[in-house]
Amino acid sequence: MQKRASENQMTNDNATAYTSNWEHIADELRRLDKLIHKAILYQQNRNTASLNQNFLDQFRGVALTDEEVTGLIADSDWRDLSEEPLETDSGAVRVLRDEIERLGESIQRRRAVSLKPSLFLSLPLLARLFDLTAFEEQCLLICLAPEIHRKYEKLYAYLQDDITRKRPSVALALDLLCRSGQEKLAARAAFCTQAPLLKYRLIHMGDEEDASAPLLSRFLKLDDRIVNFLLGHSHLDARLEPFTRLVFPQKESDATFKPELLDRTRDFVITHFDEGDSAKRNVVFSLWGPYGVGKRALAEAVSHDLGLPLLVADVERMKEGGRSFEDAACLSGREALLRPAVLCFESLDCLLDEPDKHRSQLKVLLEAARMFSRLTFFISDRDWHPSSLLRGEVFIPLELRCGDEIAGGKFWKAQSLDRFRFAENVDWKALAGKFRFSPGQIRDALNAAESLALWRAPEEVVITMDDLHAACRAQSTPKLDALARRITPKYKWDDIILPDNEIAQLRELCEQARHRQTVYGEWGFARKLSRGRGLNALFSGPPGTGKTMAAEVIATELQLDLYQIDLSQVVSKYIGETEKNLHRIFQEAQSSSAILFFDEADALFGKRSEVKDAHDRYANIEVGYLLQKMEEYEGIAILATNLRHHLDDAFVRRMQFIVEFPFPDEERRRRIWQVTFPREAPLSGDVDFGLLARDVKLAGGNIKNIGLAAAFYAASDCGVIDMSHLFQAARREFQKMGRTWGEPQ
């Protein structure tokens with residue numbers, strides 16, 4: 001054995017390495033040509049002279065002759081499948097067999113020495129990547145041949161005795177590559193669905209019409225991406241283009257995560273996949289956190305350090321595309337293996353919203369990572385623990401958050417120094433306090449602010465605080481507009497009439513919103529609180545007393561978006577639907593730092609009491625869920641209710657601010673009448689606000705309705721608003737309320 005090994009080594013040393021991938025493919029095709037020639041000789045030897053002279057010979061492959069049928073019946077010797085039939089053992093066949101063996105040995109020797117300088121030989125590499133046998137490797141070559149030269153279509157049709165069968169069948173592959181019936185029986189296993197050729201979609205077997213045919217009759221078609229790979233082309237699989245892109249990370253300077261996180265992740269990957277240890281388990285990282293915190297940047301940085309590109313597949317587009325989800329996931333994973341590249345599935349939240357419903361699709365993604373990728377990143381906004389779906393992978397969830405430098409405004413300033421010009425009144429700390437943005441959102445806001453400044457003054461682009469506020473508000477996701485009603489604030493402090501104590505509470509709320517980063521960030525109070533860093537307020541009082549107006553005043557003061565959510569529309573009679581609706585609202589609002597104003601809160605609350613039936617239990621669950629989401633939300637959430645006594649102590653305790661909106665007394669009603677009319681409104685000199693305040697005992701919302709209706713009466717009458725118009729409007733307002741009112745004497 002030592003002598004034979006020495007001789008083989010000398011033979012390999014004398015072999016000439018391939019100079020290109022095509023040179024190797026050409027050698028393999030020459031070997032295939034000889035296999036085809038051998039098969040043709042065998043087929044010709046089986047044809048009798050009488051058959052060749054038959055008139056029907058010109059229709060060979062279209063019609064069957066009596067001689068052919070007789071021959072088929074006679075071909076029924078199943079006693080020994082271990083050798084080729086004796087009639088094929090002609091001189092020409094023996095010569096071809098020897099040539100095939102010598103050429104095969106030469107190819108193997110040249111392949112062996114070609115691997116030393118790491119020359120790209122696609123067929124051996126494909127065989128190694130997918131653990132193919134020599135038979136499976138040659139099946140790929142048989143399918144590749146017609147993609148290179150059309151002569152093989154005619155040769156395959158001839159060998160299959162059918163002019164319409166231009167593609168190779170399973171039977172043809174077995175005939176060309178197997179020397180005995182026993183080999184053919186064993187080789188059929190290569191065409192099972194769990195064998196590499198079909199499992200990894202290297203070849204496609206038949207079509208819908210061919211699916212019911214026996215295995216031997218089914219056509220074989222090489223996958224188009226595998227064709228390109230074997231021919232040395234590196235184009236992205238065209239089927240992946242709608243939802244996949246290849247990223248070649250160049251640098252890490254734009255990273256927004258902490259450097260130590262990258263160091264730890266990179267060191268773990270390198271240590272785990274120690275060179276030469278192919279038995280290590282595949283690693284899957286689940287990177288989660290809000291938009292813009294650097295999840296994909298971390299995946300790109302790790303890929304950059306490994307010297308690999310990042311193949312990013314958008315799961316939401318995969319789910320909505322026309323191709324089956326399983327096929328899309330498999331092709332994505334296979335592409336990562338072929339390149340090679342680090343695999344990354346992003347936008348996973350479309351499945352994590354309802355993980356039980358999408359369990360099969362989540363399983364498909366993990367299977368793709370398991371089959372094809374040693375290192376995979378999953379990117380989402382929320383945490384995910386697929387413990388029941390794992391099959392031995394190392395699964396590491398990593399939450400990415402905004403650091404203190406983001407909260408303190410340092411990142412805002414650092415991102416803007418080199419590129420932008422700012423007005424002197426720009427307050428970075430105030431921006432960071434009101435808009436809890438991720439680094440990605442900050443970049444988006446700065447770019448948007450520059451565009452606004454350019455439009456406003458193209459000759460000198462200077463970004464003002466107003467530009468920044470408008471750009472930050474524009475970061476609100478469009479999805480939130482579909483879930484709630486955006487209110488454009490119009491009211492200011494002078495427009496709202498409340499007792500001094502309530503006005504002071506509203507101003508205190510605004511001051512807490514402005515200085516939250518000083519307290520939570522610089523003074524360290526955030527470390528003392530696991531949640532509850534936002535501002536929760538309860539506005540209670542009769543209808544029309546100014547609760548919605550107060551929310552608008554706060555939004556105007558803080559220059560934040562205001563979204564009104566009618567809880568009577570959010571609450572659903574179906575169990576679990578209310579929680580889903582609330583979750584979507586808070587999830588979309590988190591990225592925009594908008595003020596959420598929940599109106600008609602009585603529709604959800606009621607009086608939480610002891611559980612007497614299933615309805616009470618689920619009602620309490622809904623209230624508890626709303627409290628939980630409010631505590632998690634880091635913006636301002638305001639609840640408006642008409643009935644304070646419907647709320648229990650446990651609920652009230654969780655509110656930072658509780659502002660009572662009392663029914664206005666006579667003095668406040670007079671002031672409300674005064675601020676109701678714009679300065680441009682033509683008021684008659686006989687309008688007596690004191691009289692109106694004394695006799696029209698309604699809340700501010702009703703007073704504003706009366707003032708507006710009186711203006712329309714005056715516009716269609718004399719053009720001046722006088723007491724007659726106001727009295728007429730007052731009567732109508734009382735009628736709407738089901739009450740009567742008589743004019744003061």
# chains A, B, ... in the order shown; residues from 1 in each chain; ligands from 1
>>> residues_around(residues="Arg165 in chain A", least_positions_apart="2", cutoff="12 Å", atoms="only C-alpha atoms", output="list of chain:residue names")
A:Gly61, A:Val62, A:Tyr152, A:Glu153, A:Lys154, A:Leu155, A:Tyr156, A:Ala157, A:Tyr158, A:Leu159, A:Gln160, A:Asp161, A:Asp162, A:Ile163, A:Arg167, A:Pro168, A:Ser169, A:Val170, A:Ala171, A:Leu172, A:Gly206, A:Ser217, A:Arg218, A:Phe219, A:Leu220
>>> closest_residue(among="A:Arg111, A:Lys258, A:Arg370, A:Arg97", to="Ala297 in chain A", atoms="only C-alpha atoms")
A:Lys258
>>> atom_distance(atom1="CA of Phe411 in chain A", atom2="CA of Ile442 in chain A")
8.3 Å
>>> select_by_dssp(residues="range 366-468 of chain A", states="strand (DSSP E or B)", output="number ranges by chain")
A: 375-380, 394-399, 422, 463
>>> residues_around(residues="range 560-573 of chain A", least_positions_apart="3", cutoff="6 Å", atoms="only C-alpha atoms", output="PDB file with C-alpha atoms, in the first residue's frame")
ATOM      1  CA  ALA A 484     -54.923  57.589  14.583  1.00  0.00           C
ATOM      2  CA  ARG A 485     -56.018  61.079  13.558  1.00  0.00           C
ATOM      3  CA  ARG A 486     -53.268  63.638  13.300  1.00  0.00           C
ATOM      4  CA  ILE A 487     -54.261  67.002  14.793  1.00  0.00           C
ATOM      5  CA  ALA A 555     -48.188  70.013  21.373  1.00  0.00           C
ATOM      6  CA  GLU A 577     -58.182  42.447  19.139  1.00  0.00           C
ATOM      7  CA  THR A 578     -58.145  45.473  21.451  1.00  0.00           C
ATOM      8  CA  ALA A 594     -45.589  61.935  19.053  1.00  0.00           C
ATOM      9  CA  ILE A 595     -48.080  62.929  21.760  1.00  0.00           C
ATOM     10  CA  LEU A 596     -50.816  60.296  21.987  1.00  0.00           C
ATOM     11  CA  PHE A 597     -54.173  61.672  23.087  1.00  0.00           C
ATOM     12  CA  PHE A 598     -56.648  58.900  23.964  1.00  0.00           C
ATOM     13  CA  ASP A 599     -60.113  60.379  23.833  1.00  0.00           C
ATOM     14  CA  GLU A 600     -63.307  58.694  25.038  1.00  0.00           C
ATOM     15  CA  ALA A 601     -61.299  56.611  27.506  1.00  0.00           C
ATOM     16  CA  ALA A 603     -65.173  53.202  26.460  1.00  0.00           C
TER      17      ALA A 603
END
>>> select_by_dssp(residues="range 124-163 of chain A", states="alpha helix (DSSP H)", output="VMD selection string")
chain A and resid 124 to 129 134 to 148 151 to 159
>>> closest_residue(among="A:Gln138, A:Asn45, A:Thr545, A:Asn536", to="Ala637 in chain A", atoms="only C-alpha atoms")
A:Asn536
>>> closest_residue(among="A:Gly707, A:Pro543, A:Gly624, A:Gly690", to="Ala640 in chain A", atoms="only C-alpha atoms")
A:Pro543
